[in-house]
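Have a look at model_0.cif below; it lists mmCIF, C-alpha atoms.
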data_start
#
loop_
_atom_site.label_atom_id
_atom_site.label_comp_id
_atom_site.auth_asym_id
_atom_site.auth_seq_id
_atom_site.Cartn_x
_atom_site.Cartn_y
_atom_site.Cartn_z
CA MET A 1 227.21 24.69 67.13
CA LYS A 2 226.98 22.02 64.42
CA ALA A 3 226.59 23.18 60.84
CA ILE A 4 226.50 22.05 57.23
CA ALA A 5 227.73 24.14 54.32
CA TYR A 6 226.30 24.94 50.89
CA CYS A 7 228.45 25.98 47.93
CA ARG A 8 227.44 26.85 44.38
CA VAL A 9 229.10 28.04 41.19
CA SER A 10 226.79 29.18 38.44
CA THR A 11 228.66 28.51 35.19
CA GLU A 12 231.00 25.93 33.70
CA ASN A 13 233.69 28.62 33.51
CA GLN A 14 233.55 29.14 37.26
CA LYS A 15 233.61 25.38 37.72
CA GLU A 16 236.79 25.10 35.68
CA GLU A 17 238.41 27.99 37.56
CA GLY A 18 237.83 26.17 40.83
CA THR A 19 235.92 28.90 42.65
CA ILE A 20 233.95 26.26 44.54
CA ASP A 21 237.26 25.31 46.21
CA LEU A 22 237.66 28.92 47.33
CA GLN A 23 234.19 28.81 48.87
CA ARG A 24 235.01 25.57 50.72
CA GLU A 25 238.23 26.97 52.16
CA ALA A 26 236.59 30.23 53.25
CA ILE A 27 233.81 28.30 55.02
CA LYS A 28 236.29 25.95 56.72
CA GLU A 29 238.34 28.91 57.94
CA TYR A 30 235.20 30.63 59.23
CA CYS A 31 234.18 27.51 61.16
CA ARG A 32 237.66 27.18 62.69
CA ARG A 33 237.60 30.84 63.73
CA GLU A 34 234.10 30.70 65.22
CA GLY A 35 234.41 27.26 66.84
CA ILE A 36 231.70 25.70 64.66
CA GLU A 37 231.69 21.94 64.01
CA LEU A 38 231.35 21.49 60.24
CA LEU A 39 229.49 18.27 59.44
CA GLY A 40 229.80 18.35 55.66
CA PHE A 41 229.20 20.11 52.34
CA PHE A 42 226.32 20.18 49.88
CA GLU A 43 227.30 21.53 46.48
CA ASP A 44 225.95 22.51 43.07
CA GLU A 45 228.51 22.99 40.32
CA GLY A 46 227.79 24.83 37.08
CA VAL A 47 224.09 25.51 37.78
CA SER A 48 221.98 28.66 37.75
CA GLY A 49 220.54 30.35 40.80
CA GLY A 50 216.99 29.18 40.07
CA LEU A 51 215.38 26.26 41.87
CA GLU A 52 214.68 24.03 38.86
CA ASN A 53 218.04 22.22 38.80
CA ARG A 54 219.74 22.33 42.21
CA PRO A 55 220.35 18.70 43.32
CA GLY A 56 222.81 19.76 46.03
CA LEU A 57 220.31 22.19 47.54
CA ALA A 58 217.56 19.57 47.34
CA GLU A 59 219.77 17.09 49.19
CA LEU A 60 220.51 19.73 51.84
CA PHE A 61 216.81 20.26 52.60
CA ASN A 62 216.17 16.51 52.54
CA TYR A 63 218.89 16.14 55.15
CA LEU A 64 217.43 18.85 57.35
CA GLU A 65 213.84 17.64 57.00
CA ASN A 66 214.79 14.05 57.84
CA GLY A 67 216.39 14.60 61.21
CA GLY A 68 219.75 16.10 60.28
CA GLU A 69 221.51 17.38 63.39
CA ALA A 70 222.82 20.62 61.91
CA GLU A 71 221.79 23.80 63.67
CA ALA A 72 223.00 26.08 60.90
CA VAL A 73 223.72 26.28 57.18
CA ILE A 74 226.84 28.19 56.23
CA ILE A 75 227.28 29.85 52.84
CA TYR A 76 230.21 31.79 51.45
CA LYS A 77 228.05 34.70 50.31
CA LEU A 78 224.33 35.38 49.94
CA ASP A 79 224.33 35.31 46.13
CA ARG A 80 225.68 31.74 46.24
CA LEU A 81 222.36 30.75 47.79
CA ALA A 82 220.50 32.67 45.05
CA ARG A 83 220.73 36.00 43.25
CA ASP A 84 216.97 36.39 42.94
CA LEU A 85 215.59 38.27 45.96
CA TYR A 86 212.33 36.30 46.04
CA ILE A 87 214.20 32.97 46.04
CA GLN A 88 216.60 34.24 48.73
CA GLU A 89 213.75 35.18 51.04
CA HIS A 90 211.88 31.96 50.34
CA LEU A 91 214.91 29.81 51.23
CA ILE A 92 215.68 31.84 54.35
CA LYS A 93 212.06 31.50 55.53
CA LYS A 94 212.22 27.76 54.82
CA LEU A 95 215.31 27.43 56.99
CA GLU A 96 213.66 29.48 59.74
CA SER A 97 210.68 27.10 59.70
CA LEU A 98 213.12 24.24 60.27
CA LYS A 99 214.73 26.21 63.11
CA VAL A 100 218.03 26.28 61.24
CA LYS A 101 220.20 29.41 61.23
CA LEU A 102 221.67 30.76 57.98
CA ILE A 103 225.23 32.07 58.28
CA SER A 104 227.23 33.88 55.61
CA THR A 105 230.99 34.29 55.85
CA LYS A 106 230.59 37.72 54.19
CA GLU A 107 227.30 39.13 55.48
CA PRO A 108 226.33 39.09 59.19
CA ASP A 109 223.05 37.87 60.76
CA LEU A 110 221.17 37.01 57.58
CA ASP A 111 218.24 35.36 59.34
CA SER A 112 217.88 37.97 62.09
CA SER A 113 214.42 39.42 62.65
CA ASP A 114 215.95 42.84 63.35
CA PRO A 115 214.41 45.26 60.78
CA MET A 116 217.76 46.80 59.85
CA ARG A 117 219.37 43.39 59.30
CA LYS A 118 216.41 42.28 57.18
CA ALA A 119 216.61 45.49 55.13
CA PHE A 120 220.35 44.95 54.61
CA ARG A 121 219.76 41.36 53.49
CA GLN A 122 217.10 42.44 51.03
CA PHE A 123 219.30 45.25 49.75
CA MET A 124 222.09 42.75 49.06
CA GLY A 125 219.55 40.60 47.24
CA ILE A 126 218.51 43.51 45.04
CA VAL A 127 222.17 44.25 44.21
CA ALA A 128 222.74 40.61 43.24
CA GLU A 129 219.54 40.59 41.15
CA LEU A 130 220.62 43.73 39.28
CA GLU A 131 224.05 42.22 38.67
CA LYS A 132 222.40 39.12 37.21
CA ALA A 133 220.25 41.30 34.93
CA PHE A 134 223.34 43.21 33.79
CA ILE A 135 225.20 39.97 32.98
CA THR A 136 222.17 38.70 31.04
CA MET A 137 221.97 41.99 29.12
CA ARG A 138 225.62 41.77 28.09
CA LEU A 139 225.33 38.10 27.15
CA THR A 140 222.22 38.74 25.06
CA GLY A 141 223.84 41.73 23.35
CA GLY A 142 226.95 39.69 22.56
CA ARG A 143 224.92 36.88 20.99
CA LYS A 144 222.95 39.32 18.86
CA ASN A 145 226.17 40.96 17.69
CA LYS A 146 227.61 37.58 16.69
CA LEU A 147 224.59 36.95 14.49
CA LYS A 148 224.79 40.42 12.96
CA LEU A 149 228.37 39.63 12.01
CA LYS A 150 227.09 36.35 10.47
CA LYS A 151 228.85 34.23 13.06
CA ALA A 152 226.58 31.23 13.31
CA TYR A 153 227.02 30.00 16.85
CA ALA A 154 225.79 32.72 19.18
CA GLY A 155 225.67 30.38 22.15
CA GLY A 156 223.02 28.19 23.72
CA GLY A 157 221.94 24.72 22.68
CA ILE A 158 223.29 23.22 19.45
CA ALA A 159 220.73 21.63 17.14
CA TYR A 160 221.05 17.91 16.31
CA GLY A 161 223.13 17.61 13.14
CA TYR A 162 225.60 20.35 14.05
CA ARG A 163 228.54 20.85 16.37
CA SER A 164 230.64 23.78 17.56
CA GLU A 165 234.25 24.09 16.42
CA ASN A 166 236.39 27.12 17.27
CA LYS A 167 233.18 28.89 18.37
CA GLU A 168 231.63 28.37 14.93
CA LEU A 169 228.67 26.17 14.06
CA ILE A 170 229.52 23.45 11.53
CA ILE A 171 227.68 20.44 10.13
CA ASP A 172 228.14 17.10 11.88
CA GLN A 173 228.12 14.90 8.79
CA GLU A 174 227.07 11.68 10.55
CA ARG A 175 224.11 13.20 12.35
CA ALA A 176 223.26 15.38 9.36
CA GLU A 177 222.38 12.17 7.50
CA ILE A 178 219.82 11.38 10.19
CA ILE A 179 218.29 14.83 9.75
CA ARG A 180 218.09 14.33 5.98
CA LEU A 181 216.43 10.95 6.56
CA ILE A 182 213.84 12.60 8.84
CA PHE A 183 212.97 15.20 6.19
CA LYS A 184 212.87 12.53 3.48
CA LEU A 185 210.43 10.43 5.50
CA ARG A 186 208.34 13.51 6.24
CA LYS A 187 208.14 14.37 2.54
CA GLY A 188 206.97 10.81 2.02
CA ARG A 189 203.95 11.72 4.18
CA ARG A 190 205.12 9.77 7.23
CA SER A 191 203.71 11.01 10.52
CA TYR A 192 205.96 12.27 13.32
CA ARG A 193 205.11 9.14 15.31
CA GLU A 194 206.00 6.85 12.38
CA ILE A 195 209.34 8.60 11.84
CA ALA A 196 210.21 8.23 15.53
CA ARG A 197 209.34 4.54 15.39
CA ILE A 198 211.51 3.97 12.30
CA LEU A 199 214.54 5.67 13.91
CA ASN A 200 214.10 3.69 17.13
CA GLU A 201 213.77 0.41 15.22
CA GLN A 202 217.02 1.20 13.38
CA GLY A 203 218.81 1.74 16.69
CA ILE A 204 219.42 5.44 16.05
CA THR A 205 219.51 7.43 19.28
CA THR A 206 218.92 11.09 20.08
CA ALA A 207 221.76 13.45 21.01
CA ARG A 208 221.46 12.27 24.62
CA GLY A 209 221.35 8.61 23.68
CA GLY A 210 217.62 8.24 24.24
CA LYS A 211 214.56 7.21 22.24
CA TRP A 212 212.92 9.38 19.61
CA HIS A 213 209.41 10.72 20.18
CA ALA A 214 206.89 12.40 17.90
CA GLY A 215 207.41 15.75 19.66
CA THR A 216 211.16 15.62 19.02
CA ILE A 217 210.63 14.90 15.31
CA ARG A 218 208.13 17.74 15.04
CA TYR A 219 210.60 20.15 16.71
CA ILE A 220 213.29 19.19 14.16
CA VAL A 221 210.97 19.56 11.17
CA LYS A 222 209.85 23.00 12.34
CA ASN A 223 213.35 24.25 13.25
CA PRO A 224 214.45 26.92 10.72
CA VAL A 225 218.14 26.20 11.29
CA TYR A 226 217.88 23.20 8.95
CA LYS A 227 216.91 25.63 6.19
CA GLY A 228 219.96 27.75 6.94
CA ARG A 229 218.01 30.39 8.88
CA LEU A 230 219.59 31.24 12.23
CA ARG A 231 217.61 33.23 14.76
CA TYR A 232 218.28 34.89 18.08
CA SER A 233 215.56 37.12 19.50
CA GLU A 234 214.38 39.36 16.63
CA ILE A 235 217.53 38.87 14.53
CA GLU A 236 217.71 36.38 11.66
CA VAL A 237 220.75 35.55 9.53
CA LEU A 238 220.72 33.42 6.37
CA ARG A 239 223.43 30.75 6.20
CA PRO A 240 222.73 28.51 3.16
CA ASP A 241 226.03 26.69 3.84
CA LEU A 242 224.43 25.23 6.96
CA ALA A 243 221.15 24.15 5.33
CA LEU A 244 220.49 20.39 5.51
CA MET A 245 217.41 20.31 3.29
#

What is this structure when it is put down as structure tokens?
Amino acid sequence: MKAIAYCRVSTENQKEEGTIDLQREAIKEYCRREGIELLGFFEDEGVSGGLENRPGLAELFNYLENGGEAEAVIIYKLDRLARDLYIQEHLIKKLESLKVKLISTKEPDLDSSDPMRKAFRQFMGIVAELEKAFITMRLTGGRKNKLKLKKAYAGGGIAYGYRSENKELIIDQERAEIIRLIFKLRKGRRSYREIARILNEQGITTARGGKWHAGTIRYIVKNPVYKGRLRYSEIEVLRPDLALM
């Protein structure tokens, strides 16, 4: 049998710890033991289990749909394919439609039509889904607690004009000047579109090095963080030391 492998780690921490290497080695050992010819790996590092940002998985299906000779896809464990039960079943059905077998090094006969095997697979999916919900609950609770303790950076994206240092949110003085310019132009009755044009003409780029757009300017103007009001869920903390206007 010829097979390709899919590996995924879901966070940057896992990426740094090298767990994707452990998945590779386990899959290689499995193939050696079972006499499977391993054609190659498709990988996603530091991405969630959803389908919105999985370039490695997309490449895998492109390969299979465009005449790839693999007869099977090997994964380390079912939750590396996805934790969400619906996504798991969708991907397994997709592979079945391509006449490609799904093999896990940890769980047997994932794509079998046997009712007991299917029930086992779905049970494992439910366990993984509950684990994901538990992790999310703890993460959310931790972020809320940070805000209650008036620790500014509870995690997530960092607004333009700030940066994280020692897990604390501080003002990025260079970018803060751009924010102050935006608010100054807005107070001068400039439209969002006009402000974006002025910044682009001055060669000022966004955080990702791109062009400014009216929607981006509007988001900044409406963001309460620039008034020193930090929010997470229903919790709000006042931090006047972080206000930029």

Can you translate the PyMOL selection byres ((chain A and resi 25) around 12) into the concrete residues it hits in this file, as a ChimeraX atom specification?
/A:5,7,18-24,26-32,38,41,75-76,105

The PyMOL selection byres ((chain A and resi 196) around 8) applied to the shown file, residues as a PyMOL selection string:
chain A and resi 192-195+197-200+212-214+217

Figure out the distance between CA of Ala58 (chain A) and CA of Gly215 (chain A), please, to one decimal in Å.
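If I compute the distance from CA of Gly215 (chain A) to CA of Ala58 (chain A), I get 29.7 Å.
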
So that I can check the surroundings of Met1 (chain A), please list as JSON, numbers by chain every protein, DNA and RNA residue that reaches within 7 Å of it, counting all atoms listed in the file and ignoring chain neighbours fewer than 3 positions away.
{"A": [36, 37, 71]}

Which distance in Å separates CA of Arg180 (chain A) and CA of Leu244 (chain A), to one decimal?
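Rounded to one decimal, the two atoms are 6.5 Å apart.
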
Show which residues sit within 7 Å of Ile74 (chain A), as a PyMOL selection string. Count all atoms listed in the file, and ignore same-chain residues fewer than 2 positions away.
chain A and resi 3-6+72+76+102-104

Please enumerate the residues selected by the PyMOL selection byres ((chain A and resi 179) around 9) when evaluated against the supplied file, formatted as an NGL selection string.
:A and (160-161 or 175-178 or 180-184 or 220-221 or 226 or 244-245)

Take the residues that were just selected and, keeping C-alpha atoms, output them as a PDB file, in the coordinates of the input.
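New file out-v2.pdb:
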ATOM      1  CA  TYR A 160     221.050  17.910  16.310  1.00  0.00           C
ATOM      2  CA  GLY A 161     223.130  17.610  13.140  1.00  0.00           C
ATOM      3  CA  ARG A 175     224.110  13.200  12.350  1.00  0.00           C
ATOM      4  CA  ALA A 176     223.260  15.380   9.360  1.00  0.00           C
ATOM      5  CA  GLU A 177     222.380  12.170   7.500  1.00  0.00           C
ATOM      6  CA  ILE A 178     219.820  11.380  10.190  1.00  0.00           C
ATOM      7  CA  ARG A 180     218.090  14.330   5.980  1.00  0.00           C
ATOM      8  CA  LEU A 181     216.430  10.950   6.560  1.00  0.00           C
ATOM      9  CA  ILE A 182     213.840  12.600   8.840  1.00  0.00           C
ATOM     10  CA  PHE A 183     212.970  15.200   6.190  1.00  0.00           C
ATOM     11  CA  LYS A 184     212.870  12.530   3.480  1.00  0.00           C
ATOM     12  CA  ILE A 220     213.290  19.190  14.160  1.00  0.00           C
ATOM     13  CA  VAL A 221     210.970  19.560  11.170  1.00  0.00           C
ATOM     14  CA  TYR A 226     217.880  23.200   8.950  1.00  0.00           C
ATOM     15  CA  LEU A 244     220.490  20.390   5.510  1.00  0.00           C
ATOM     16  CA  MET A 245     217.410  20.310   3.290  1.00  0.00           C
TER      17      MET A 245
END

Rounded to one decimal in Å, what is the spacing between CA of Asp84 (chain A) and CA of Gly67 (chain A)?
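Going from CA of Asp84 (chain A) over to CA of Gly67 (chain A), I get 28.4 Å.
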
Please provide the set of residues having any atom within 9 Å of Ile92 (chain A), restricted to all atoms listed in the file, with same-chain residues fewer than 2 positions apart removed, written as an NGL selection string.
:A and (87-90 or 94-97 or 101-102 or 110-111)

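Distance annotation: of A:Arg229, A:Arg218, A:Gly68, A:Lys2, the residue with the minimal separation from Ser191 (chain A) is A:Arg218; atom set is only C-alpha atoms.
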
Among listed residues A:Lys77, A:Lys187, A:Arg8, A:Arg239, nearest Glu43 (chain A) (using all atoms listed in the file)
A:Arg8

So which residues fall inside 7 Å of (216.7, 13.0, 19.8) if we count all atoms listed in the file? Mind giving them as a list in words?
Thr205, Thr206, Ala207, Arg208, Gly210, Lys211, Trp212 and Thr216 of chain A
